[in-house]
Amino acid sequence: MTKQLEKATFAGGCFWCMVKPFDEQPGIESVISGYTGGTTENPTYKEVCSETTGHYEAVQITFDPNVYPYEKIIELFWQQIDPTDPGGQFYDRGSSYQTAIFYHDENQREIAEASKAKLQESGKFSGPIVTPIIPAKTFYPAETYHQHYYKKQPEHYERYSIGSGRKAFIQHHWGEKNEK
């Protein structure tokens, strides 16, 4: 039987921090750091950081929905970000570090909208959930040195995760088990 793989694309601030949590799940075939949502073709990291391309730092996840369904991927996504922050994520500020869910089909849009509403209604956060749910656009993989950064530079990755405030935020809102 052939696997029917799907794609999920998320912006959650620094893409280095968005790979590891998904990479460790069953049914996840790949997690690629890259850029999406903007107008510049094949942007570089420097161009995206200049805030002139319209792109977000993002991850694109290829997954087997029979092993790890989109609903679980969305749930894990929320647990990696501050969904109430419209100006970026943690230490990283600016439009390229804002959060977003990029849906690939109507089913993903509906699941994302329902999940966002459930999170808002949960009262877990005091402010409104501002993460937009928008149609997926062309995804451009980031430069090789950005791919799986947590494996290539584990000490720097860990310092960044702590220093940016992400690790403490996740621990405070979601508990120890989600601390990646």
# chains A, B, ... in the order shown; residues from 1 in each chain; ligands from 1
call {"tool": "select_by_dssp", "arguments": {"residues": "range 63-157 of chain A", "states": "alpha helix (DSSP H)", "output": "PyMOL selection string"}}
result
chain A and resi 70-78+106-122+149-152+154-157
call {"tool": "select_by_dssp", "arguments": {"residues": "range 94-153 of chain A", "states": "strand (DSSP E or B)", "output": "VMD selection string"}}
result
chain A and resid 99 to 103 133 to 135 139 to 141
call {"tool": "residues_around", "arguments": {"residues": "Glu110 in chain A", "least_positions_apart": "3", "cutoff": "12 Å", "atoms": "only C-alpha atoms", "output": "PyMOL selection string"}}
result
chain A and resi 70-71+74+101-107+113-117+133-135
call {"tool": "closest_residue", "arguments": {"among": "A:Gly27, A:Gly94, A:Gly175, A:Pro141", "to": "Leu5 in chain A", "atoms": "only C-alpha atoms"}}
result
A:Gly27
call {"tool": "closest_residue", "arguments": {"among": "A:Asn66, A:Gln108, A:Gln120, A:Thr9", "to": "Thr84 in chain A", "atoms": "only C-alpha atoms"}}
result
A:Gln120
call {"tool": "residues_around", "arguments": {"residues": "range 17-19 of chain A", "least_positions_apart": "6", "cutoff": "8 Å", "atoms": "only C-alpha atoms", "output": "compact mmCIF listing (two decimals) with all heavy atoms, in the first residue's frame"}}
result
# COMPACT_ATOMS: atom_id res chain seq x y z
N VAL A 31 11.00 17.59 7.67
CA VAL A 31 10.71 18.96 8.11
C VAL A 31 11.79 19.83 7.49
O VAL A 31 12.98 19.63 7.73
CB VAL A 31 10.73 19.11 9.65
CG1 VAL A 31 10.32 20.52 10.04
CG2 VAL A 31 9.83 18.08 10.31
N ILE A 32 11.38 20.79 6.68
CA ILE A 32 12.30 21.66 5.96
C ILE A 32 12.10 23.09 6.43
O ILE A 32 10.98 23.58 6.48
CB ILE A 32 12.07 21.56 4.43
CG1 ILE A 32 12.29 20.14 3.95
CG2 ILE A 32 12.98 22.54 3.69
CD1 ILE A 32 11.85 19.92 2.52
N SER A 33 13.20 23.76 6.75
CA SER A 33 13.16 25.18 7.07
C SER A 33 13.16 25.97 5.77
O SER A 33 13.85 25.60 4.82
CB SER A 33 14.39 25.58 7.89
OG SER A 33 14.40 24.92 9.13
N ALA A 58 9.58 29.86 7.94
CA ALA A 58 8.57 28.83 8.10
C ALA A 58 9.18 27.44 8.02
O ALA A 58 10.35 27.28 7.67
CB ALA A 58 7.50 28.99 7.01
N VAL A 59 8.36 26.46 8.36
CA VAL A 59 8.73 25.06 8.16
C VAL A 59 7.66 24.40 7.31
O VAL A 59 6.48 24.72 7.42
CB VAL A 59 8.93 24.28 9.48
CG1 VAL A 59 10.15 24.77 10.23
CG2 VAL A 59 7.69 24.34 10.36
N GLN A 80 4.18 25.43 20.34
CA GLN A 80 5.54 25.91 20.08
C GLN A 80 5.63 27.43 19.98
O GLN A 80 6.73 27.98 19.85
CB GLN A 80 6.08 25.31 18.78
CG GLN A 80 6.01 23.81 18.70
CD GLN A 80 6.56 23.12 19.93
OE1 GLN A 80 7.66 23.40 20.40
NE2 GLN A 80 5.78 22.20 20.49
N HIS A 148 17.86 21.56 9.90
CA HIS A 148 18.10 20.73 11.09
C HIS A 148 19.21 21.32 11.97
O HIS A 148 20.08 20.62 12.45
CB HIS A 148 18.39 19.28 10.68
CG HIS A 148 17.17 18.63 10.14
ND1 HIS A 148 16.84 18.69 8.81
CD2 HIS A 148 16.19 17.93 10.75
CE1 HIS A 148 15.70 18.06 8.62
NE2 HIS A 148 15.28 17.59 9.78
N TYR A 150 19.19 22.26 14.95
CA TYR A 150 19.28 21.71 16.29
C TYR A 150 20.20 20.49 16.36
O TYR A 150 20.76 20.20 17.42
CB TYR A 150 17.89 21.38 16.86
CG TYR A 150 17.27 20.10 16.34
CD1 TYR A 150 17.38 18.91 17.07
CD2 TYR A 150 16.56 20.07 15.15
CE1 TYR A 150 16.82 17.73 16.61
CE2 TYR A 150 15.99 18.91 14.70
CZ TYR A 150 16.11 17.74 15.43
OH TYR A 150 15.55 16.56 14.98
N TYR A 157 21.79 25.92 19.63
CA TYR A 157 20.33 25.79 19.56
C TYR A 157 19.73 25.87 20.97
O TYR A 157 18.75 26.59 21.20
CB TYR A 157 19.95 24.48 18.88
CG TYR A 157 18.48 24.16 18.99
CD1 TYR A 157 17.56 24.74 18.12
CD2 TYR A 157 18.00 23.30 19.97
CE1 TYR A 157 16.20 24.48 18.24
CE2 TYR A 157 16.66 23.02 20.08
CZ TYR A 157 15.76 23.61 19.22
OH TYR A 157 14.42 23.35 19.34
N SER A 161 17.23 28.71 22.37
CA SER A 161 15.89 28.35 22.84
C SER A 161 15.62 28.93 24.23
O SER A 161 14.53 29.42 24.51
CB SER A 161 15.76 26.83 22.84
OG SER A 161 14.49 26.44 23.28
call {"tool": "closest_residue", "arguments": {"among": "A:Lys152, A:His55, A:His172, A:Lys7", "to": "Tyr140 in chain A", "atoms": "only C-alpha atoms"}}
result
A:His55
call {"tool": "closest_residue", "arguments": {"among": "A:Phe77, A:Arg109, A:Ile162, A:Pro132", "to": "Phe90 in chain A", "atoms": "only C-alpha atoms"}}
result
A:Ile162
call {"tool": "residues_around", "arguments": {"residues": "Glu57 in chain A", "least_positions_apart": "6", "cutoff": "8 Å", "atoms": "only C-alpha atoms", "output": "list in words"}}
result
Ala11, Gly12, Gly13, Cys14, Phe15, Ser33, Gly34, Tyr35, Thr36, Val48, Ser96 and Tyr97 of chain A
call {"tool": "write_last_selection", "arguments": {"atoms": "C-alpha atoms", "output": "mmCIF file, in the first residue's frame"}}
result
data_model
loop_
_atom_site.group_PDB
_atom_site.id
_atom_site.type_symbol
_atom_site.label_atom_id
_atom_site.label_comp_id
_atom_site.auth_asym_id
_atom_site.auth_seq_id
_atom_site.Cartn_x
_atom_site.Cartn_y
_atom_site.Cartn_z
ATOM 1 C CA ALA A 11 5.451 30.068 10.517
ATOM 2 C CA GLY A 12 6.352 30.109 14.177
ATOM 3 C CA GLY A 13 9.127 32.642 14.513
ATOM 4 C CA CYS A 14 12.663 31.351 14.171
ATOM 5 C CA PHE A 15 12.490 28.286 11.976
ATOM 6 C CA SER A 33 13.158 25.184 7.073
ATOM 7 C CA GLY A 34 12.380 27.856 4.525
ATOM 8 C CA TYR A 35 10.490 30.931 3.472
ATOM 9 C CA THR A 36 6.933 31.470 2.283
ATOM 10 C CA VAL A 48 13.980 37.754 4.309
ATOM 11 C CA SER A 96 9.386 37.607 8.960
ATOM 12 C CA TYR A 97 9.056 36.164 12.485
#
